[in-house]
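Visitor: Before I ask anything, let me first share the structure, which is written out below as structure tokens.
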Amino acid sequence: MTEGFDPASLDDAIHGRLRLGVMAYLHQANPASFAELKEATGATGGNLSTHLRKLEEAGYITQTKSFHERRPLTTVAVTEDGRAAFADYLAAMRQLIDGTGET
Amino acid sequence: MNTTQQDDLQFVRQMTEAGNKAPLLGGRFYVFWGVLVAIAFVCHWAIASENFGLPPVSYAVLWSVFMLIGLVSMPFLIRGIRRKPGLGAIGNRAEEVVWTTGGYSVFAYAAGTVVAVIFAGGSYDLFDLILAVAFGSYGVAFMVTGTMANETWMRVPGLASLLACAAVPILVGMPVLYLVAAATIVVVSVIPGVILLRSEPASLEEPA
């Protein structure tokens, strides 16, 4: 492990390929529909739901369920806490990468 | 850094780019309003030129019908993009704000002009200058939308709109102004709209 890097600084709620991908996408396109995130990440519906729930429980996203033309429409939005946590996560990753000198 | 971590970072980069490069979703609005405005301008020219013997009250009928069609149609147009991916992308959010605000600025100027002409003896030429406000708004909207969405080609209709804005005071008071404006609208609204529609992604359905 890189000297000076604290693994505990990586947020467990974000530290996961799919959750990280969702946060990265929402950082650029917020809000996004569930179907949009499913297509962008390539995840299955069930897997995506599980990870979205973890992000929601951490307070990093909100999920709003509604109906549009009598069909379900789930809208996922990143919260201010989520934005801050993602920025902190990237800063921690940058520290790790800079420390090893790798890209 | 191991291969899995590199794959994860590559995945995050792909996600970031996917969100950032979401296609613009305003194409249908450009085409709809472009066609509607162009038809209205040709009708306005037909009244103003007096070639068809239409009474001045025709202006009121024309623009009332125009606003009615626009107001009734907007909910259907908005409904059509609700399930499109990228609706929350910065380019689409900027596009919505600048075009909506541009529309409000045209409406505000038009409302002020009606009041000025009816109650303050304002010149009828003030109506023609609505086109300058509209083309100026188009120019700003294209420049902002194009910059935020990285669609550099939008500078072309943006600059064309600003040129049209400059041409309006030169042609003010002449019926031909509305024919020129109709042709310009096709270039700066209908054609860009068709370009955007061609690259628009399909709507996505949520799994049951």
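Just remember, in the structure tokens the first chain shown is A, the second B, etc., residues are 1-based per chain, and ligands are 1-based in the order shown.
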Compile the residues of chain B that lie within 8 Å of chain A, evaluated using only C-alpha atoms, and express the compilation as a PDB file with C-alpha atoms, in the first residue's frame.
Guide:
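Saved the output as result_13.pdb:
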ATOM      1  CA  MET B   1      -2.234  -0.478  -9.722  1.00  0.00           C
ATOM      2  CA  ASP B   8     -12.562   0.242 -12.859  1.00  0.00           C
ATOM      3  CA  PHE B  11     -15.198   2.302 -16.538  1.00  0.00           C
ATOM      4  CA  VAL B  12     -15.531   5.484 -14.468  1.00  0.00           C
ATOM      5  CA  ARG B  13     -14.042   7.480 -17.325  1.00  0.00           C
ATOM      6  CA  MET B  15     -19.387   6.820 -17.409  1.00  0.00           C
ATOM      7  CA  THR B  16     -18.176  10.405 -17.089  1.00  0.00           C
ATOM      8  CA  GLU B  17     -17.886  10.766 -20.859  1.00  0.00           C
ATOM      9  CA  ALA B  18     -21.274   9.128 -21.442  1.00  0.00           C
ATOM     10  CA  GLY B  19     -22.917  11.678 -19.148  1.00  0.00           C
ATOM     11  CA  ASN B  20     -20.964  14.557 -20.620  1.00  0.00           C
ATOM     12  CA  ARG B  83     -37.723   9.093 -21.343  1.00  0.00           C
ATOM     13  CA  LYS B  84     -34.766  10.140 -23.466  1.00  0.00           C
ATOM     14  CA  PRO B  85     -31.314   9.473 -21.995  1.00  0.00           C
ATOM     15  CA  GLY B  86     -29.249  12.560 -21.245  1.00  0.00           C
ATOM     16  CA  LEU B  87     -32.142  14.818 -20.293  1.00  0.00           C
ATOM     17  CA  GLY B  88     -30.234  15.865 -17.159  1.00  0.00           C
ATOM     18  CA  ALA B  89     -26.934  16.496 -18.974  1.00  0.00           C
ATOM     19  CA  ILE B  90     -25.515  19.993 -18.727  1.00  0.00           C
ATOM     20  CA  LEU B 204     -35.771   4.089 -22.768  1.00  0.00           C
ATOM     21  CA  GLU B 205     -38.383   2.019 -20.981  1.00  0.00           C
ATOM     22  CA  GLU B 206     -37.980   1.054 -17.359  1.00  0.00           C
ATOM     23  CA  PRO B 207     -37.870  -2.706 -16.758  1.00  0.00           C
TER      24      PRO B 207
END
Visitor: Excluding region 33-44 of chain B and residues on its chain fewer than 5 positions from it, collect all residues at most 9 Å away from it, counting only C-alpha atoms, and give them as a PyMOL selection string.
Guide: chain B and resi 28+49+58-59+62-63+66+69-70+175+177-191+193
Visitor: Which residues come within 7 Å of region 141-143 of chain B, counting only C-alpha atoms, excluding same-chain residues fewer than 3 positions away, as a PyMOL selection string?
Guide: chain B and resi 98-99+137-138+146-147+154-155+157-158
Visitor: In chain A, what's strand (DSSP E) per DSSP? Answer as a list of chain:residue names?
Guide: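 So the strand (DSSP E) residues in chain A would be A:Ala32, A:Ser33, A:Ile61, A:Thr62, A:Gln63, A:Thr64, A:Lys65, A:Ser66, A:Phe67, A:His68, A:Arg71, A:Pro72, A:Leu73, A:Thr74, A:Thr75, A:Val76, A:Ala77, A:Val78.
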Visitor: Find the distance between CA of Asp88 (chain A) and CA of Leu10 (chain A) and write it in Å to one decimal.
Guide: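 Distance between the two atoms: 8.3 Å.
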Visitor: Can you pull out the residues contacting Val172 (chain B)? Cut-off 7 Å, using only C-alpha atoms, and skip same-chain residues under 3 positions away; I want them as a list of chain:residue names.
Guide: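 Everything that qualifies: B:Asp125, B:Asp128, B:Val168, B:Pro169, B:Leu177.
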Visitor: Please report the interatomic distance between CA of Ile61 (chain A) and CA of Val76 (chain A) in Å with one decimal.
Guide: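 Computing it gives 6.7 Å between the two atoms.
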Visitor: Mind pulling up the distance from CA of Leu24 (chain B) to CA of Glu80 (chain A)?
Guide: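 Taking CA of Glu80 (chain A) and CA of Leu24 (chain B), their separation equals 25.3 Å.
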Visitor: If you run DSSP over the backbone, which residues in chain A end up helix (DSSP H, G or I)? Put them as a VMD selection string.
Guide: chain A and resid 7 to 9 17 to 28 34 to 41 45 to 57 80 to 100
Visitor: I need the residue nearest Ser49 (chain A) from this list: A:Asp11, A:Gly82, A:Gln63, A:Arg70. Use only C-alpha atoms for the distance.
Guide: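 Nearest candidate to Ser49 (chain A) out of A:Asp11, A:Gly82, A:Gln63, A:Arg70: A:Gln63.
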